[in-house]
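Q: Take a look at input.cif, mmCIF, C-alpha atoms:
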data_run
loop_
_atom_site.label_atom_id
_atom_site.label_comp_id
_atom_site.auth_asym_id
_atom_site.auth_seq_id
_atom_site.Cartn_x
_atom_site.Cartn_y
_atom_site.Cartn_z
CA MET H 1 91.34 -9.23 63.63
CA GLU H 2 94.22 -11.09 62.04
CA LEU H 3 97.59 -9.47 61.44
CA LYS H 4 97.16 -9.71 57.68
CA TYR H 5 94.11 -7.43 57.90
CA CYS H 6 95.96 -4.57 59.63
CA THR H 7 96.08 -1.70 57.15
CA SER H 8 97.90 0.99 59.12
CA GLU H 9 100.56 1.48 61.76
CA SER H 10 97.93 2.32 64.39
CA ALA H 11 96.12 -0.96 63.60
CA LEU H 12 99.40 -2.83 64.07
CA VAL H 13 99.94 -1.13 67.46
CA ALA H 14 96.40 -2.06 68.53
CA TYR H 15 96.96 -5.65 67.36
CA LEU H 16 100.21 -5.96 69.32
CA LYS H 17 98.59 -4.57 72.47
CA ARG H 18 95.63 -6.97 72.18
CA SER H 19 97.81 -9.98 71.39
CA GLY H 20 99.57 -10.02 74.76
CA ILE H 21 102.76 -11.36 73.16
CA LEU H 22 105.12 -9.45 75.44
CA GLU H 23 102.84 -9.70 78.47
CA ALA H 24 103.23 -13.48 78.20
CA PHE H 25 106.93 -12.94 79.00
CA GLY H 26 106.19 -10.78 82.05
CA PHE H 27 106.43 -7.36 80.36
CA PHE H 28 103.94 -4.52 80.61
CA LEU H 29 103.48 -1.51 78.35
CA LEU H 30 105.34 1.33 80.04
CA ARG H 31 105.03 3.99 77.33
CA GLU H 32 103.43 4.43 73.95
CA GLU H 33 104.46 7.19 71.51
CA TRP H 34 107.25 8.31 73.82
CA GLU H 35 110.01 10.85 73.29
CA VAL H 36 113.26 8.94 73.27
CA ILE H 37 114.91 11.83 75.10
CA PRO H 38 112.17 13.58 77.13
CA GLY H 39 111.68 17.18 76.03
CA HIS H 40 113.71 16.66 72.85
CA SER H 41 111.38 15.36 70.16
CA GLN H 42 114.03 16.02 67.49
CA TYR H 43 115.75 12.79 68.63
CA GLY H 44 112.68 10.77 67.71
CA LYS H 45 109.58 9.24 69.17
CA GLY H 46 109.48 5.58 70.00
CA ASP H 47 106.36 3.55 69.34
CA MET H 48 106.23 1.26 72.37
CA LEU H 49 108.39 0.72 75.44
CA TYR H 50 107.83 -2.35 77.60
CA ALA H 51 109.34 -3.13 81.00
CA ASP H 52 109.19 -5.99 83.47
CA GLY H 53 109.77 -3.97 86.66
CA ARG H 54 113.08 -5.73 87.28
CA GLY H 55 115.35 -3.73 85.02
CA ARG H 56 114.54 -5.35 81.69
CA PHE H 57 113.15 -3.27 78.82
CA VAL H 58 111.97 -3.95 75.27
CA VAL H 59 111.88 -1.16 72.70
CA VAL H 60 109.36 -2.04 69.96
CA GLU H 61 109.20 -0.04 66.76
CA VAL H 62 106.13 -0.63 64.62
CA LYS H 63 106.03 -0.10 60.86
CA TYR H 64 103.28 -0.68 58.34
CA LEU H 65 104.74 -1.84 55.04
CA ASP H 66 102.78 -1.41 51.84
CA PRO H 67 101.59 -4.71 50.37
CA PRO H 68 103.93 -6.21 47.81
CA GLY H 69 103.69 -4.22 44.63
CA ARG H 70 105.25 -4.71 41.32
CA GLY H 71 108.31 -3.00 40.12
CA SER H 72 111.67 -2.13 41.49
CA SER H 73 110.63 1.14 43.16
CA ALA H 74 108.02 -0.63 45.35
CA LYS H 75 110.66 -3.20 46.32
CA ARG H 76 113.19 -0.49 47.18
CA ARG H 77 110.62 1.43 49.26
CA ARG H 78 109.77 -1.67 51.35
CA GLY H 79 113.46 -2.45 51.78
CA ARG H 80 114.15 1.12 52.90
CA LYS H 81 111.31 0.96 55.44
CA ARG H 82 112.59 -2.38 56.80
CA THR H 83 116.06 -0.91 57.29
CA GLU H 84 114.64 2.29 58.78
CA VAL H 85 112.53 0.55 61.42
CA ARG H 86 115.36 -1.82 62.38
CA ASP H 87 117.83 1.06 62.76
CA GLN H 88 115.33 3.09 64.80
CA ALA H 89 114.69 0.23 67.22
CA LEU H 90 118.41 -0.39 67.74
CA ARG H 91 119.15 3.34 68.18
CA TYR H 92 116.32 3.84 70.69
CA ALA H 93 117.35 0.73 72.66
CA SER H 94 120.89 2.08 72.87
CA ILE H 95 119.60 5.41 74.21
CA ILE H 96 117.43 3.67 76.84
CA ARG H 97 120.41 1.51 77.85
CA GLN H 98 122.43 4.65 78.61
CA ALA H 99 119.64 6.82 80.01
CA VAL H 100 117.91 4.51 82.48
CA ASP H 101 119.73 3.80 85.72
CA GLY H 102 119.22 0.22 86.73
CA ALA H 103 118.54 -1.03 83.22
CA ARG H 104 119.91 -4.57 83.35
CA GLU H 105 118.89 -5.55 79.86
CA VAL H 106 117.45 -3.60 76.94
CA CYS H 107 116.26 -5.45 73.85
CA ALA H 108 115.09 -4.08 70.53
CA ALA H 109 112.30 -5.53 68.43
CA ILE H 110 110.25 -4.57 65.42
CA PHE H 111 106.63 -5.36 64.66
CA THR H 112 105.51 -5.24 61.04
CA ASN H 113 103.02 -6.66 58.60
CA ASP H 114 105.90 -7.60 56.29
CA TRP H 115 104.71 -10.46 54.13
CA LEU H 116 108.14 -12.12 54.40
CA HIS H 117 108.35 -11.98 58.23
CA PRO H 118 105.11 -10.69 59.79
CA GLY H 119 104.84 -10.10 63.52
CA LEU H 120 107.40 -9.47 66.24
CA ILE H 121 111.07 -9.84 65.34
CA TRP H 122 113.76 -9.61 68.00
CA LEU H 123 116.93 -7.80 66.95
#
The structure given in the file should be rewritten as structure tokens.
A:
Amino acid sequence: MELKYCTSESALVAYLKRSGILEAFGFFLLREEWEVIPGHSQYGKGDMLYADGRGRFVVVEVKYLDPPGRGSSAKRRRGRKRTEVRDQALRYASIIRQAVDGAREVCAAIFTNDWLHPGLIWL
């Protein structure tokens, strides 16, 4: 399946896992749908957390964006979702950076079907 045919967030997650993009850089999927602070779901749930076993982590937030629609409200909604997913990824990466002893490097990334910039974007 091509990225452009993903029609939900779960399809995007499945696509990313199958693609092996991060595995090509030596990362493995450590957690999926994980509580950012274990036992405290009110602080959010991350989509995917990758690690390389040597202290490097990648927090990936996945967001399905509705196809481009007409009108200003559709544009605003997509813009709001883009901002939301970026902020979540950065916030969760910051929490991992502080919470994990031995974390040498923590990167944030987003994975979307955004027609402007589809795929994995490093933040």
Q: Let me know the residues the PyMOL selection byres ((chain H and resi 91) around 12) catches in the file above, as a list in words.
A: Val36, Ile37, Tyr43, Gly44, Lys45, Gly46, Val59, Val60, Glu61, Glu84, Val85, Arg86, Asp87, Gln88, Ala89, Leu90, Tyr92, Ala93, Ser94, Ile95, Ile96, Arg97, Gln98, Val106, Cys107, Ala108, Ala109 and Leu123 of chain H
Q: Save the residues we just selected, C-alpha atoms, as a JSON list (two decimals), in the frame of the given file?
A:
[["chain", "number", "residue", "atom", "x", "y", "z"],
["H", 36, "VAL", "CA", 113.26, 8.94, 73.27],
["H", 37, "ILE", "CA", 114.91, 11.83, 75.10],
["H", 43, "TYR", "CA", 115.75, 12.79, 68.63],
["H", 44, "GLY", "CA", 112.68, 10.77, 67.71],
["H", 45, "LYS", "CA", 109.58, 9.24, 69.17],
["H", 46, "GLY", "CA", 109.48, 5.58, 70.00],
["H", 59, "VAL", "CA", 111.88, -1.16, 72.70],
["H", 60, "VAL", "CA", 109.36, -2.04, 69.96],
["H", 61, "GLU", "CA", 109.20, -0.04, 66.76],
["H", 84, "GLU", "CA", 114.64, 2.29, 58.78],
["H", 85, "VAL", "CA", 112.53, 0.55, 61.42],
["H", 86, "ARG", "CA", 115.36, -1.82, 62.38],
["H", 87, "ASP", "CA", 117.83, 1.06, 62.76],
["H", 88, "GLN", "CA", 115.33, 3.09, 64.80],
["H", 89, "ALA", "CA", 114.69, 0.23, 67.22],
["H", 90, "LEU", "CA", 118.41, -0.39, 67.74],
["H", 92, "TYR", "CA", 116.32, 3.84, 70.69],
["H", 93, "ALA", "CA", 117.35, 0.73, 72.66],
["H", 94, "SER", "CA", 120.89, 2.08, 72.87],
["H", 95, "ILE", "CA", 119.60, 5.41, 74.21],
["H", 96, "ILE", "CA", 117.43, 3.67, 76.84],
["H", 97, "ARG", "CA", 120.41, 1.51, 77.85],
["H", 98, "GLN", "CA", 122.43, 4.65, 78.61],
["H", 106, "VAL", "CA", 117.45, -3.60, 76.94],
["H", 107, "CYS", "CA", 116.26, -5.45, 73.85],
["H", 108, "ALA", "CA", 115.09, -4.08, 70.53],
["H", 109, "ALA", "CA", 112.30, -5.53, 68.43],
["H", 123, "LEU", "CA", 116.93, -7.80, 66.95]]
Q: Could you jot down the CA of Gln42 (chain H) to CA of Arg77 (chain H) separation for me, Å, one decimal place?
A: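 Taking CA of Gln42 (chain H) and CA of Arg77 (chain H), their separation equals 23.6 Å.
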Q: Using only C-alpha atoms, which of the listed residues (H:Trp115, H:Tyr64, H:Tyr50, H:Phe57) sits closest to Glu32 (chain H)?
A: H:Tyr50
Q: With only C-alpha atoms as the counted atoms, please give the residues lying no more than 12 Å from Tyr5 (chain H), apart from itself and same-chain residues fewer than 5 positions off, as a list in words.
A: Ala11, Leu12, Tyr15, Tyr64, Pro67, Asn113, Asp114, Trp115 and Pro118 of chain H
Q: What does the distance between CA of Val100 (chain H) and CA of Gly55 (chain H) come to in Å, to one decimal place?
A: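 About the pair CA of Val100 (chain H) and CA of Gly55 (chain H): they are 9.0 Å apart.
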Q: If we count only C-alpha atoms, what is near Arg56 (chain H) at a cut-off of 9 Å, once residues fewer than 4 positions away on the same chain are taken out, given as a VMD selection string?
A: chain H and resid 27 50 to 52 102 to 107
Q: If we count all atoms listed in the file and set the cut-off at 10 Å, which residues sit around region 81-83 of chain H, ignoring sequence neighbours fewer than 6 positions away in its own chain? Please answer as a list in words.
A: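 The residues that qualify are Lys63, Tyr64, Leu65, Asp66, Ile110, Thr112 and Asp114 of chain H.
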Q: Could you jot down the CA of Leu29 (chain H) to CA of Gly79 (chain H) separation for me, Å, one decimal place?
A: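 Pair CA of Leu29 (chain H) / CA of Gly79 (chain H) returns 28.4 Å.
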Q: With all atoms listed in the file as the atoms that count, which of H:Val58, H:Ala99, H:Ser72, H:Ser8 lies nearest to Arg31 (chain H)?
A: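 Checking each of H:Val58, H:Ala99, H:Ser72, H:Ser8 against Arg31 (chain H), counting all atoms listed in the file, the winner is H:Val58.
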Q: How would region 46-72 of chain H read, as a compact mmCIF listing (two decimals), keeping the file's coordinate frame, once N, CA and C atoms are built in?
A:
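Below is the file that was written, result27.txt:
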# COMPACT_ATOMS: atom_id res chain seq x y z
N GLY H 46 109.61 7.02 70.06
CA GLY H 46 109.48 5.58 70.00
C GLY H 46 108.02 5.18 69.96
N ASP H 47 107.75 4.01 69.42
CA ASP H 47 106.36 3.55 69.34
C ASP H 47 105.90 2.93 70.65
N MET H 48 106.64 1.95 71.15
CA MET H 48 106.23 1.26 72.37
C MET H 48 107.46 0.90 73.20
N LEU H 49 107.33 1.08 74.51
CA LEU H 49 108.39 0.72 75.44
C LEU H 49 107.78 -0.17 76.51
N TYR H 50 108.30 -1.39 76.61
CA TYR H 50 107.83 -2.35 77.60
C TYR H 50 108.88 -2.51 78.68
N ALA H 51 108.44 -2.88 79.89
CA ALA H 51 109.34 -3.13 81.00
C ALA H 51 108.79 -4.32 81.79
N ASP H 52 109.65 -4.89 82.62
CA ASP H 52 109.19 -5.99 83.47
C ASP H 52 109.25 -5.62 84.95
N GLY H 53 109.68 -4.40 85.27
CA GLY H 53 109.77 -3.97 86.66
C GLY H 53 111.01 -4.46 87.38
N ARG H 54 111.85 -5.20 86.68
CA ARG H 54 113.08 -5.73 87.28
C ARG H 54 114.31 -5.33 86.49
N GLY H 55 114.20 -4.24 85.74
CA GLY H 55 115.35 -3.73 85.02
C GLY H 55 115.48 -4.20 83.58
N ARG H 56 114.49 -4.92 83.09
CA ARG H 56 114.54 -5.35 81.69
C ARG H 56 113.54 -4.53 80.87
N PHE H 57 113.97 -4.10 79.69
CA PHE H 57 113.15 -3.27 78.82
C PHE H 57 113.16 -3.84 77.40
N VAL H 58 112.06 -3.59 76.69
CA VAL H 58 111.97 -3.95 75.27
C VAL H 58 111.47 -2.73 74.52
N VAL H 59 112.26 -2.26 73.58
CA VAL H 59 111.88 -1.16 72.70
C VAL H 59 111.28 -1.80 71.44
N VAL H 60 110.03 -1.47 71.14
CA VAL H 60 109.36 -2.04 69.96
C VAL H 60 109.02 -0.91 69.00
N GLU H 61 109.56 -0.98 67.81
CA GLU H 61 109.20 -0.04 66.76
C GLU H 61 108.25 -0.75 65.80
N VAL H 62 107.18 -0.06 65.45
CA VAL H 62 106.13 -0.63 64.62
C VAL H 62 106.15 0.08 63.27
N LYS H 63 106.04 -0.70 62.20
CA LYS H 63 106.03 -0.10 60.86
C LYS H 63 105.07 -0.86 59.96
N TYR H 64 104.17 -0.11 59.34
CA TYR H 64 103.28 -0.68 58.34
C TYR H 64 104.01 -0.63 57.00
N LEU H 65 104.11 -1.77 56.35
CA LEU H 65 104.74 -1.84 55.04
C LEU H 65 103.66 -2.04 53.99
N ASP H 66 103.74 -1.27 52.92
CA ASP H 66 102.78 -1.41 51.84
C ASP H 66 102.79 -2.84 51.33
N PRO H 67 101.63 -3.35 50.92
CA PRO H 67 101.59 -4.71 50.37
C PRO H 67 102.53 -4.83 49.17
N PRO H 68 103.01 -6.03 48.93
CA PRO H 68 103.93 -6.21 47.81
C PRO H 68 103.34 -5.67 46.51
N GLY H 69 104.09 -4.78 45.92
CA GLY H 69 103.69 -4.22 44.63
C GLY H 69 104.66 -4.67 43.58
N ARG H 70 104.35 -4.33 42.41
CA ARG H 70 105.25 -4.71 41.32
C ARG H 70 106.22 -3.59 41.05
N GLY H 71 107.32 -3.98 40.54
CA GLY H 71 108.31 -3.00 40.12
C GLY H 71 109.41 -2.80 41.14
N SER H 72 110.49 -2.28 40.65
CA SER H 72 111.67 -2.13 41.49
C SER H 72 111.53 -1.00 42.50
